[in-house]
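Chemist: Submitted below is the structure of interest, expressed as structure tokens.
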Amino acid sequence: MCIRDRRKVPLGPDVDAKVIARGTPGFSGADLANLVNEAALLAARKGKRVAGMAEFEEAKDKVMMGAERRSMVMTDEEKALTAYHEAGHAVVALHCPDSDPIHKATIIPRGRALGMVMRLSLIHISEPTRLLSISYAVFCLKKKKTMSLEEVINQNGSKLSMR
């Protein structure tokens, strides 16, 4: 985070700069300043004197994905389908050996997305390795040789069942 902005915004004791850094790869100084600003605004709206990790997480979501679409009305069925969809991303990420760990999953609509699964990189890399690229491709795209979710789970020896 920008030291200049850190002096202006008091941080809560729970703020972990490493987690914020891992979740904001490629952010410029201006992007980080915007993130700190958003966290400070969110804290002020909640009547807090310090910006905590919850405010930084919410600010990061807003900066990266856009504001929550509170006006979007989703039926319970649409929420359930979105939750299953995002859970599918999470299960695939869990079963890709070189995938980054999952940080959070949400079905709160932001921007054009109805939900998301966010992963945090364990290492800083400027150029992804071949395995990380393959893992990311598997996470994002269906391969030509498709497998059902049940096959992915069973292939890895898990005792989970889709039934």
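Following the order of the structure tokens, first chain is A, next is B, and so on, with residues numbered from 1 inside each chain and ligands from 1 in the order they appear.
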Find the spatial neighbours of range 11-21 of chain A, counting only C-alpha atoms, within a cut-off of 8 Å - ignore same-chain residues fewer than 3 positions away - and output them as a ChimeraX atom specification.
Modeler: /A:1,6,24-25,50-53,56-57,120
Chemist: For Met64 in chain A, which residue among A:Cys96, A:Met116, A:Ala40, A:Val9 is the nearest when counting only C-alpha atoms?
Modeler: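 Among the listed residues, A:Met116 lies closest to Met64 in chain A.
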